[in-house]
Amino acid sequence: MNSVTFDVTPPHAPGTAWRLAAELFLPPGKVPDTVQLLLPGLTYDRRYWTAPGALDYTRHAIGEGYAVLAVDRPGTGASEHPPAEQVTVESNVEAVHQVVTALRRGAPGLPAFRHVVAVGHSLGSGIALIEAARHRDLDALVVTGLLHAVGPLYPEAMPALYPAAEDPLLAPTNPPENYLTTRPGRRTALYEHPAGIDPGVSAWHEDTKSTVTAGEGFTLDAIYQPEVAAEVRVPVLLVVGREDRLFGGGDASTEDAASVVAYERKFYTGTADLEAFVVPDAAHSLNVHRSAPSWYAAAHEWLDRRRPARGR
């Protein structure tokens, strides 16, 4: 694992730069020509992808021969924390685009990769979708924790947030004004399926929470717009927890993969390559559930079947 930083230019302020922190994971031997770019969701940072033990997604991916770049999005983790109103969905999208460009071109301490696959969670998935639709520089998308239908708990997501400066865990980090996080205990109610998670991992889940900005909250609807998914031209794998209550339900049933694809097909009209995987005994935050390795394996099997697109 190597620490990597990127200086990205926010779209509202040419001539300035935000510093993004990331970790690059490489398998032994020759550097692969495909890298997975991991994008965490709302109130998460890159630690979401390195959950304890067998739940560590990065370990699984490098075991399958991939390079992996796990990024702290603007305003999260070890990345720079700009004013909250500047950290929007739009500024996230353009920051990710600049990271993709750097991955393809190479940079000091960073090899160049021929193929870039984005793997997102929730908000990170939405950011990857917009980036792929707008810039057409990704080879495939693994979209986890995001459907075009909201579930019964979705209205509770925003009220579950409060100022990060008031949170016992995050207050010592001096989060800027209008940086928010989940209230203590709310991650369990919103993001977890208690029967599918070990208590120690649930505690880790709470202890590794990060932030979301008011700017992201005010612009969140951008990721759900039908025209975004319609402009995606690359293969897409949708991954959702069967017990997710933030997304799905009704016609967008998460009972099985066929139901997910049947509902989402009307949105992903620009690609003929759309598949889904439903994670058993898992709610919204897939990676903290005991069944998470099932989707890790399914995602890599899916990528292996698209080997020409990866050049692996």
# chains A, B, ... in the order shown; residues from 1 in each chain; ligands from 1
$ residues_around --residues "Pro168 of chain A" --least-positions-apart "6" --cutoff "12 Å" --atoms "only C-alpha atoms" --output "ChimeraX atom specification"
/A:162,174-175,181-184,206-207,209
$ residues_around --residues "Phe6 of chain A" --least-positions-apart "6" --cutoff "8 Å" --atoms "only C-alpha atoms" --output "list in words"
Trp18, Arg19, Leu20, Ala21 and Val99 of chain A
$ residues_around --residues "Gly65 of chain A" --least-positions-apart "3" --cutoff "7 Å" --atoms "only C-alpha atoms" --output "VMD selection string"
chain A and resid 27 32 61 to 62
$ closest_residue --among "A:Met1, A:Thr173, A:Val142, A:Ala149" --to "Arg59 of chain A" --atoms "only C-alpha atoms"
A:Met1
$ select_by_dssp --residues "segment 41-157 of chain A" --states "alpha helix (DSSP H)" --output "mmCIF file with all heavy atoms, in the first residue's frame"
data_model
loop_
_atom_site.group_PDB
_atom_site.id
_atom_site.type_symbol
_atom_site.label_atom_id
_atom_site.label_comp_id
_atom_site.auth_asym_id
_atom_site.auth_seq_id
_atom_site.Cartn_x
_atom_site.Cartn_y
_atom_site.Cartn_z
ATOM 1 N N TYR A 57 -12.395 -5.164 1.074
ATOM 2 C CA TYR A 57 -12.564 -5.253 -0.378
ATOM 3 C C TYR A 57 -11.224 -5.126 -1.099
ATOM 4 O O TYR A 57 -10.983 -5.805 -2.099
ATOM 5 C CB TYR A 57 -13.526 -4.170 -0.871
ATOM 6 C CG TYR A 57 -13.744 -4.220 -2.367
ATOM 7 C CD1 TYR A 57 -14.734 -5.016 -2.925
ATOM 8 C CD2 TYR A 57 -12.943 -3.483 -3.248
ATOM 9 C CE1 TYR A 57 -14.922 -5.094 -4.296
ATOM 10 C CE2 TYR A 57 -13.114 -3.553 -4.619
ATOM 11 C CZ TYR A 57 -14.106 -4.356 -5.136
ATOM 12 O OH TYR A 57 -14.273 -4.425 -6.505
ATOM 13 N N THR A 58 -10.354 -4.248 -0.630
ATOM 14 C CA THR A 58 -9.085 -4.031 -1.324
ATOM 15 C C THR A 58 -8.254 -5.313 -1.359
ATOM 16 O O THR A 58 -7.612 -5.620 -2.360
ATOM 17 C CB THR A 58 -8.267 -2.897 -0.685
ATOM 18 O OG1 THR A 58 -7.874 -3.259 0.644
ATOM 19 C CG2 THR A 58 -9.074 -1.609 -0.634
ATOM 20 N N ARG A 59 -8.285 -6.055 -0.270
ATOM 21 C CA ARG A 59 -7.523 -7.308 -0.216
ATOM 22 C C ARG A 59 -8.043 -8.293 -1.261
ATOM 23 O O ARG A 59 -7.271 -8.981 -1.930
ATOM 24 C CB ARG A 59 -7.608 -7.915 1.185
ATOM 25 C CG ARG A 59 -6.772 -9.178 1.351
ATOM 26 C CD ARG A 59 -7.002 -9.803 2.721
ATOM 27 N NE ARG A 59 -6.685 -8.892 3.805
ATOM 28 C CZ ARG A 59 -6.853 -9.195 5.089
ATOM 29 N NH1 ARG A 59 -7.357 -10.379 5.435
ATOM 30 N NH2 ARG A 59 -6.541 -8.327 6.023
ATOM 31 N N HIS A 60 -9.353 -8.359 -1.392
ATOM 32 C CA HIS A 60 -9.948 -9.265 -2.375
ATOM 33 C C HIS A 60 -9.552 -8.842 -3.796
ATOM 34 O O HIS A 60 -9.185 -9.671 -4.628
ATOM 35 C CB HIS A 60 -11.466 -9.274 -2.225
ATOM 36 C CG HIS A 60 -12.138 -10.351 -3.012
ATOM 37 N ND1 HIS A 60 -12.650 -11.493 -2.433
ATOM 38 C CD2 HIS A 60 -12.345 -10.485 -4.347
ATOM 39 C CE1 HIS A 60 -13.154 -12.269 -3.377
ATOM 40 N NE2 HIS A 60 -12.995 -11.681 -4.547
ATOM 41 N N ALA A 61 -9.631 -7.530 -4.076
ATOM 42 C CA ALA A 61 -9.356 -7.046 -5.427
ATOM 43 C C ALA A 61 -7.909 -7.286 -5.838
ATOM 44 O O ALA A 61 -7.644 -7.724 -6.960
ATOM 45 C CB ALA A 61 -9.702 -5.564 -5.526
ATOM 46 N N ILE A 62 -6.967 -6.996 -4.943
ATOM 47 C CA ILE A 62 -5.570 -7.228 -5.335
ATOM 48 C C ILE A 62 -5.294 -8.729 -5.424
ATOM 49 O O ILE A 62 -4.447 -9.153 -6.216
ATOM 50 C CB ILE A 62 -4.565 -6.520 -4.402
ATOM 51 C CG1 ILE A 62 -4.659 -7.028 -2.970
ATOM 52 C CG2 ILE A 62 -4.759 -5.015 -4.478
ATOM 53 C CD1 ILE A 62 -3.590 -6.443 -2.053
ATOM 54 N N GLY A 63 -6.028 -9.529 -4.656
ATOM 55 C CA GLY A 63 -5.896 -10.970 -4.784
ATOM 56 C C GLY A 63 -6.361 -11.474 -6.135
ATOM 57 O O GLY A 63 -5.912 -12.529 -6.596
ATOM 58 N N VAL A 89 -21.907 17.906 -5.330
ATOM 59 C CA VAL A 89 -21.812 16.769 -6.244
ATOM 60 C C VAL A 89 -20.977 17.146 -7.462
ATOM 61 O O VAL A 89 -20.116 16.375 -7.910
ATOM 62 C CB VAL A 89 -23.218 16.293 -6.655
ATOM 63 C CG1 VAL A 89 -23.145 15.322 -7.831
ATOM 64 C CG2 VAL A 89 -23.921 15.630 -5.468
ATOM 65 N N GLU A 90 -21.177 18.331 -7.993
ATOM 66 C CA GLU A 90 -20.431 18.778 -9.175
ATOM 67 C C GLU A 90 -18.935 18.818 -8.908
ATOM 68 O O GLU A 90 -18.128 18.337 -9.721
ATOM 69 C CB GLU A 90 -20.924 20.155 -9.609
ATOM 70 C CG GLU A 90 -20.141 20.800 -10.743
ATOM 71 C CD GLU A 90 -20.301 20.085 -12.073
ATOM 72 O OE1 GLU A 90 -21.244 19.278 -12.220
ATOM 73 O OE2 GLU A 90 -19.477 20.327 -12.975
ATOM 74 N N SER A 91 -18.521 19.384 -7.782
ATOM 75 C CA SER A 91 -17.087 19.467 -7.515
ATOM 76 C C SER A 91 -16.503 18.080 -7.263
ATOM 77 O O SER A 91 -15.342 17.809 -7.612
ATOM 78 C CB SER A 91 -16.798 20.412 -6.341
ATOM 79 O OG SER A 91 -17.414 19.976 -5.152
ATOM 80 N N ASN A 92 -17.279 17.165 -6.695
ATOM 81 C CA ASN A 92 -16.832 15.775 -6.562
ATOM 82 C C ASN A 92 -16.614 15.138 -7.922
ATOM 83 O O ASN A 92 -15.613 14.452 -8.148
ATOM 84 C CB ASN A 92 -17.872 14.970 -5.792
ATOM 85 C CG ASN A 92 -17.660 14.940 -4.296
ATOM 86 O OD1 ASN A 92 -16.904 14.123 -3.788
ATOM 87 N ND2 ASN A 92 -18.329 15.839 -3.589
ATOM 88 N N VAL A 93 -17.558 15.342 -8.835
ATOM 89 C CA VAL A 93 -17.457 14.731 -10.165
ATOM 90 C C VAL A 93 -16.190 15.197 -10.872
ATOM 91 O O VAL A 93 -15.440 14.388 -11.447
ATOM 92 C CB VAL A 93 -18.699 15.058 -11.006
ATOM 93 C CG1 VAL A 93 -18.497 14.675 -12.471
ATOM 94 C CG2 VAL A 93 -19.934 14.359 -10.440
ATOM 95 N N GLU A 94 -15.938 16.490 -10.827
ATOM 96 C CA GLU A 94 -14.762 16.996 -11.539
ATOM 97 C C GLU A 94 -13.467 16.598 -10.850
ATOM 98 O O GLU A 94 -12.442 16.388 -11.508
ATOM 99 C CB GLU A 94 -14.874 18.516 -11.704
ATOM 100 C CG GLU A 94 -15.995 18.920 -12.658
ATOM 101 C CD GLU A 94 -15.946 18.145 -13.976
ATOM 102 O OE1 GLU A 94 -14.880 18.133 -14.631
ATOM 103 O OE2 GLU A 94 -16.969 17.524 -14.345
ATOM 104 N N ALA A 95 -13.487 16.464 -9.525
ATOM 105 C CA ALA A 95 -12.306 15.955 -8.830
ATOM 106 C C ALA A 95 -12.021 14.517 -9.251
ATOM 107 O O ALA A 95 -10.866 14.149 -9.525
ATOM 108 C CB ALA A 95 -12.519 16.041 -7.320
ATOM 109 N N VAL A 96 -13.061 13.696 -9.324
ATOM 110 C CA VAL A 96 -12.882 12.310 -9.740
ATOM 111 C C VAL A 96 -12.379 12.244 -11.178
ATOM 112 O O VAL A 96 -11.501 11.428 -11.500
ATOM 113 C CB VAL A 96 -14.194 11.528 -9.572
ATOM 114 C CG1 VAL A 96 -14.125 10.175 -10.279
ATOM 115 C CG2 VAL A 96 -14.506 11.345 -8.094
ATOM 116 N N HIS A 97 -12.894 13.095 -12.041
ATOM 117 C CA HIS A 97 -12.426 13.102 -13.433
ATOM 118 C C HIS A 97 -10.929 13.392 -13.502
ATOM 119 O O HIS A 97 -10.197 12.754 -14.283
ATOM 120 C CB HIS A 97 -13.196 14.155 -14.231
ATOM 121 C CG HIS A 97 -12.650 14.375 -15.604
ATOM 122 N ND1 HIS A 97 -12.496 13.364 -16.526
ATOM 123 C CD2 HIS A 97 -12.189 15.509 -16.207
ATOM 124 C CE1 HIS A 97 -11.985 13.857 -17.638
ATOM 125 N NE2 HIS A 97 -11.770 15.147 -17.464
ATOM 126 N N GLN A 98 -10.458 14.311 -12.691
ATOM 127 C CA GLN A 98 -9.030 14.628 -12.699
ATOM 128 C C GLN A 98 -8.198 13.466 -12.149
ATOM 129 O O GLN A 98 -7.075 13.226 -12.603
ATOM 130 C CB GLN A 98 -8.790 15.920 -11.915
ATOM 131 C CG GLN A 98 -9.375 17.138 -12.627
ATOM 132 C CD GLN A 98 -9.370 18.394 -11.778
ATOM 133 O OE1 GLN A 98 -8.312 18.850 -11.335
ATOM 134 N NE2 GLN A 98 -10.546 18.959 -11.535
ATOM 135 N N VAL A 99 -8.741 12.733 -11.205
ATOM 136 C CA VAL A 99 -8.045 11.546 -10.712
ATOM 137 C C VAL A 99 -7.993 10.469 -11.798
ATOM 138 O O VAL A 99 -6.949 9.835 -12.010
ATOM 139 C CB VAL A 99 -8.727 11.004 -9.441
ATOM 140 C CG1 VAL A 99 -8.140 9.650 -9.048
ATOM 141 C CG2 VAL A 99 -8.583 11.998 -8.285
ATOM 142 N N VAL A 100 -9.105 10.270 -12.512
ATOM 143 C CA VAL A 100 -9.109 9.298 -13.610
ATOM 144 C C VAL A 100 -8.069 9.678 -14.659
ATOM 145 O O VAL A 100 -7.318 8.816 -15.160
ATOM 146 C CB VAL A 100 -10.515 9.205 -14.241
ATOM 147 C CG1 VAL A 100 -10.484 8.332 -15.498
ATOM 148 C CG2 VAL A 100 -11.522 8.652 -13.243
ATOM 149 N N THR A 101 -7.992 10.948 -14.992
ATOM 150 C CA THR A 101 -6.994 11.414 -15.963
ATOM 151 C C THR A 101 -5.587 11.103 -15.491
ATOM 152 O O THR A 101 -4.733 10.626 -16.264
ATOM 153 C CB THR A 101 -7.165 12.918 -16.203
ATOM 154 O OG1 THR A 101 -8.477 13.173 -16.717
ATOM 155 C CG2 THR A 101 -6.133 13.443 -17.193
ATOM 156 N N ALA A 102 -5.316 11.337 -14.203
ATOM 157 C CA ALA A 102 -3.990 11.052 -13.654
ATOM 158 C C ALA A 102 -3.700 9.555 -13.680
ATOM 159 O O ALA A 102 -2.566 9.138 -13.944
ATOM 160 C CB ALA A 102 -3.898 11.590 -12.231
ATOM 161 N N LEU A 103 -4.707 8.738 -13.418
ATOM 162 C CA LEU A 103 -4.503 7.294 -13.454
ATOM 163 C C LEU A 103 -4.154 6.824 -14.856
ATOM 164 O O LEU A 103 -3.342 5.899 -15.040
ATOM 165 C CB LEU A 103 -5.760 6.573 -12.963
ATOM 166 C CG LEU A 103 -6.042 6.648 -11.464
ATOM 167 C CD1 LEU A 103 -7.424 6.107 -11.151
ATOM 168 C CD2 LEU A 103 -4.983 5.895 -10.672
ATOM 169 N N ARG A 104 -4.743 7.420 -15.859
ATOM 170 C CA ARG A 104 -4.466 7.013 -17.236
ATOM 171 C C ARG A 104 -3.108 7.529 -17.718
ATOM 172 O O ARG A 104 -2.411 6.848 -18.477
ATOM 173 C CB ARG A 104 -5.580 7.493 -18.157
ATOM 174 C CG ARG A 104 -6.896 6.751 -17.943
ATOM 175 C CD ARG A 104 -7.891 7.058 -19.047
ATOM 176 N NE ARG A 104 -9.109 6.277 -18.920
ATOM 177 C CZ ARG A 104 -9.271 5.023 -19.321
ATOM 178 N NH1 ARG A 104 -8.244 4.393 -19.878
ATOM 179 N NH2 ARG A 104 -10.420 4.387 -19.173
ATOM 180 N N ARG A 105 -2.733 8.701 -17.284
ATOM 181 C CA ARG A 105 -1.483 9.304 -17.755
ATOM 182 C C ARG A 105 -0.280 8.909 -16.919
ATOM 183 O O ARG A 105 0.864 8.953 -17.384
ATOM 184 C CB ARG A 105 -1.609 10.833 -17.743
ATOM 185 C CG ARG A 105 -2.594 11.379 -18.754
ATOM 186 C CD ARG A 105 -2.667 12.891 -18.641
ATOM 187 N NE ARG A 105 -3.582 13.468 -19.644
ATOM 188 C CZ ARG A 105 -3.935 14.746 -19.684
ATOM 189 N NH1 ARG A 105 -3.451 15.587 -18.775
ATOM 190 N NH2 ARG A 105 -4.761 15.185 -20.605
ATOM 191 N N LEU A 123 -23.532 7.501 -2.639
ATOM 192 C CA LEU A 123 -23.173 8.771 -3.272
ATOM 193 C C LEU A 123 -21.965 8.598 -4.184
ATOM 194 O O LEU A 123 -21.912 9.184 -5.277
ATOM 195 C CB LEU A 123 -22.884 9.832 -2.208
ATOM 196 C CG LEU A 123 -22.325 11.171 -2.709
ATOM 197 C CD1 LEU A 123 -23.263 11.851 -3.687
ATOM 198 C CD2 LEU A 123 -22.012 12.090 -1.520
ATOM 199 N N GLY A 124 -20.996 7.798 -3.772
ATOM 200 C CA GLY A 124 -19.836 7.550 -4.629
ATOM 201 C C GLY A 124 -20.232 6.911 -5.942
ATOM 202 O O GLY A 124 -19.640 7.203 -6.997
ATOM 203 N N SER A 125 -21.259 6.047 -5.921
ATOM 204 C CA SER A 125 -21.767 5.463 -7.165
ATOM 205 C C SER A 125 -22.373 6.535 -8.055
ATOM 206 O O SER A 125 -22.173 6.531 -9.281
ATOM 207 C CB SER A 125 -22.824 4.401 -6.848
ATOM 208 O OG SER A 125 -22.256 3.260 -6.258
ATOM 209 N N GLY A 126 -23.149 7.437 -7.449
ATOM 210 C CA GLY A 126 -23.760 8.504 -8.236
ATOM 211 C C GLY A 126 -22.735 9.423 -8.866
ATOM 212 O O GLY A 126 -22.882 9.849 -10.022
ATOM 213 N N ILE A 127 -21.684 9.720 -8.129
ATOM 214 C CA ILE A 127 -20.601 10.553 -8.670
ATOM 215 C C ILE A 127 -19.931 9.843 -9.842
ATOM 216 O O ILE A 127 -19.640 10.453 -10.880
ATOM 217 C CB ILE A 127 -19.597 10.884 -7.555
ATOM 218 C CG1 ILE A 127 -20.243 11.858 -6.551
ATOM 219 C CG2 ILE A 127 -18.305 11.473 -8.116
ATOM 220 C CD1 ILE A 127 -19.500 11.956 -5.245
ATOM 221 N N ALA A 128 -19.703 8.535 -9.701
ATOM 222 C CA ALA A 128 -19.101 7.767 -10.794
ATOM 223 C C ALA A 128 -20.010 7.750 -12.017
ATOM 224 O O ALA A 128 -19.527 7.855 -13.164
ATOM 225 C CB ALA A 128 -18.812 6.338 -10.331
ATOM 226 N N LEU A 129 -21.310 7.634 -11.818
ATOM 227 C CA LEU A 129 -22.248 7.643 -12.943
ATOM 228 C C LEU A 129 -22.171 8.955 -13.714
ATOM 229 O O LEU A 129 -22.112 8.962 -14.953
ATOM 230 C CB LEU A 129 -23.672 7.427 -12.440
ATOM 231 C CG LEU A 129 -24.085 6.009 -12.084
ATOM 232 C CD1 LEU A 129 -25.460 6.010 -11.436
ATOM 233 C CD2 LEU A 129 -24.084 5.117 -13.311
ATOM 234 N N ILE A 130 -22.204 10.069 -12.997
ATOM 235 C CA ILE A 130 -22.146 11.367 -13.684
ATOM 236 C C ILE A 130 -20.821 11.520 -14.411
ATOM 237 O O ILE A 130 -20.767 11.990 -15.555
ATOM 238 C CB ILE A 130 -22.363 12.523 -12.688
ATOM 239 C CG1 ILE A 130 -23.752 12.419 -12.047
ATOM 240 C CG2 ILE A 130 -22.212 13.876 -13.394
ATOM 241 C CD1 ILE A 130 -24.007 13.442 -10.953
ATOM 242 N N GLU A 131 -19.721 11.112 -13.763
ATOM 243 C CA GLU A 131 -18.409 11.218 -14.396
ATOM 244 C C GLU A 131 -18.362 10.403 -15.679
ATOM 245 O O GLU A 131 -17.880 10.870 -16.714
ATOM 246 C CB GLU A 131 -17.335 10.745 -13.418
ATOM 247 C CG GLU A 131 -15.926 11.259 -13.723
ATOM 248 C CD GLU A 131 -15.240 10.540 -14.852
ATOM 249 O OE1 GLU A 131 -15.657 9.410 -15.199
ATOM 250 O OE2 GLU A 131 -14.267 11.081 -15.403
ATOM 251 N N ALA A 132 -18.871 9.172 -15.624
ATOM 252 C CA ALA A 132 -18.856 8.311 -16.809
ATOM 253 C C ALA A 132 -19.724 8.873 -17.918
ATOM 254 O O ALA A 132 -19.356 8.825 -19.108
ATOM 255 C CB ALA A 132 -19.332 6.912 -16.429
ATOM 256 N N ALA A 133 -20.890 9.407 -17.570
ATOM 257 C CA ALA A 133 -21.798 9.965 -18.571
ATOM 258 C C ALA A 133 -21.211 11.199 -19.235
ATOM 259 O O ALA A 133 -21.361 11.395 -20.448
ATOM 260 C CB ALA A 133 -23.133 10.304 -17.907
ATOM 261 N N ARG A 134 -20.527 12.010 -18.458
ATOM 262 C CA ARG A 134 -20.026 13.288 -18.967
ATOM 263 C C ARG A 134 -18.700 13.146 -19.698
ATOM 264 O O ARG A 134 -18.496 13.751 -20.760
ATOM 265 C CB ARG A 134 -19.869 14.265 -17.800
ATOM 266 C CG ARG A 134 -19.362 15.647 -18.196
ATOM 267 C CD ARG A 134 -19.236 16.545 -16.985
ATOM 268 N NE ARG A 134 -20.525 16.709 -16.307
ATOM 269 C CZ ARG A 134 -20.680 17.300 -15.124
ATOM 270 N NH1 ARG A 134 -19.630 17.763 -14.477
ATOM 271 N NH2 ARG A 134 -21.882 17.429 -14.590
ATOM 272 N N HIS A 135 -17.788 12.367 -19.158
ATOM 273 C CA HIS A 135 -16.411 12.366 -19.670
ATOM 274 C C HIS A 135 -16.046 11.123 -20.470
ATOM 275 O O HIS A 135 -15.015 11.135 -21.166
ATOM 276 C CB HIS A 135 -15.434 12.547 -18.502
ATOM 277 C CG HIS A 135 -15.562 13.874 -17.814
ATOM 278 N ND1 HIS A 135 -15.203 15.058 -18.415
ATOM 279 C CD2 HIS A 135 -16.032 14.201 -16.584
ATOM 280 C CE1 HIS A 135 -15.424 16.057 -17.588
ATOM 281 N NE2 HIS A 135 -15.933 15.574 -16.465
#
$ closest_residue --among "A:Pro176, A:Gly53, A:Gly248, A:Pro163" --to "Arg290 of chain A" --atoms "only C-alpha atoms"
A:Gly53
$ residues_around --residues "Arg242 of chain A" --least-positions-apart "5" --cutoff "10 Å" --atoms "only C-alpha atoms" --output "ChimeraX atom specification"
/A:193,247-249,253-257,277-284,286
$ closest_residue --among "A:Ala157, A:Ala195, A:Leu169, A:Ala140" --to "Glu275 of chain A" --atoms "only C-alpha atoms"
A:Ala140
$ residues_around --residues "segment 36-39 of chain A" --least-positions-apart "6" --cutoff "8 Å" --atoms "only C-alpha atoms" --output "mmCIF file with C-alpha atoms, in the first residue's frame"
data_model
loop_
_atom_site.group_PDB
_atom_site.id
_atom_site.type_symbol
_atom_site.label_atom_id
_atom_site.label_comp_id
_atom_site.auth_asym_id
_atom_site.auth_seq_id
_atom_site.Cartn_x
_atom_site.Cartn_y
_atom_site.Cartn_z
ATOM 1 C CA ARG A 46 -11.762 5.305 2.037
ATOM 2 C CA TRP A 49 -13.179 -0.375 1.511
ATOM 3 C CA TYR A 66 -6.107 -5.676 -9.822
ATOM 4 C CA ALA A 67 -4.522 -2.424 -8.793
ATOM 5 C CA VAL A 68 -6.801 -0.480 -6.454
ATOM 6 C CA LEU A 69 -6.938 3.221 -5.647
ATOM 7 C CA ALA A 70 -9.094 4.065 -2.613
ATOM 8 C CA VAL A 71 -9.779 7.809 -2.485
ATOM 9 C CA ASP A 72 -10.940 10.176 0.218
ATOM 10 C CA ARG A 73 -13.362 12.394 -1.672
ATOM 11 C CA VAL A 116 -9.947 2.357 -15.162
ATOM 12 C CA VAL A 117 -12.991 0.784 -13.517
ATOM 13 C CA ALA A 118 -14.973 2.841 -10.989
ATOM 14 C CA VAL A 119 -16.464 1.029 -8.005
ATOM 15 C CA GLY A 120 -18.742 3.264 -5.978
ATOM 16 C CA HIS A 121 -20.903 3.079 -2.909
ATOM 17 C CA GLY A 124 -19.836 7.550 -4.629
ATOM 18 C CA SER A 125 -21.767 5.463 -7.165
ATOM 19 C CA ALA A 128 -19.101 7.767 -10.794
#
$ select_by_dssp --residues "segment 151-307 of chain A" --states "strand (DSSP E)" --output "JSON, numbers by chain"
{"A": [161, 162, 163, 179, 180, 181, 182, 212, 213, 236, 237, 238, 239, 240, 241, 274, 275, 276, 277, 278, 279]}
$ residues_around --residues "Trp204 of chain A" --least-positions-apart "2" --cutoff "12 Å" --atoms "only C-alpha atoms" --output "list in words"
Arg47, Tyr48, Thr50, Ala51, Pro52, Gly53, Leu55, Arg187, Thr188, Ile197, Asp198, Pro199, Gly200, Val201, Ser202, Glu206, Asp207, Thr208, Lys209, Asn287, Val288 and His289 of chain A
$ closest_residue --among "A:Pro11, A:Pro82, A:Gly145, A:Gly75" --to "Val240 of chain A" --atoms "only C-alpha atoms"
A:Gly145
$ closest_residue --among "A:Leu26, A:Ala276, A:Met158, A:Val239" --to "Thr43 of chain A" --atoms "only C-alpha atoms"
A:Met158
$ atom_distance --atom1 "atom CA of Glu80 of chain A" --atom2 "atom CA of Arg136 of chain A"
26.6 Å
$ atom_distance --atom1 "atom CA of Gly241 of chain A" --atom2 "atom CA of Leu147 of chain A"
10.9 Å
$ atom_distance --atom1 "atom CA of Asn178 of chain A" --atom2 "atom CA of Phe218 of chain A"
11.5 Å
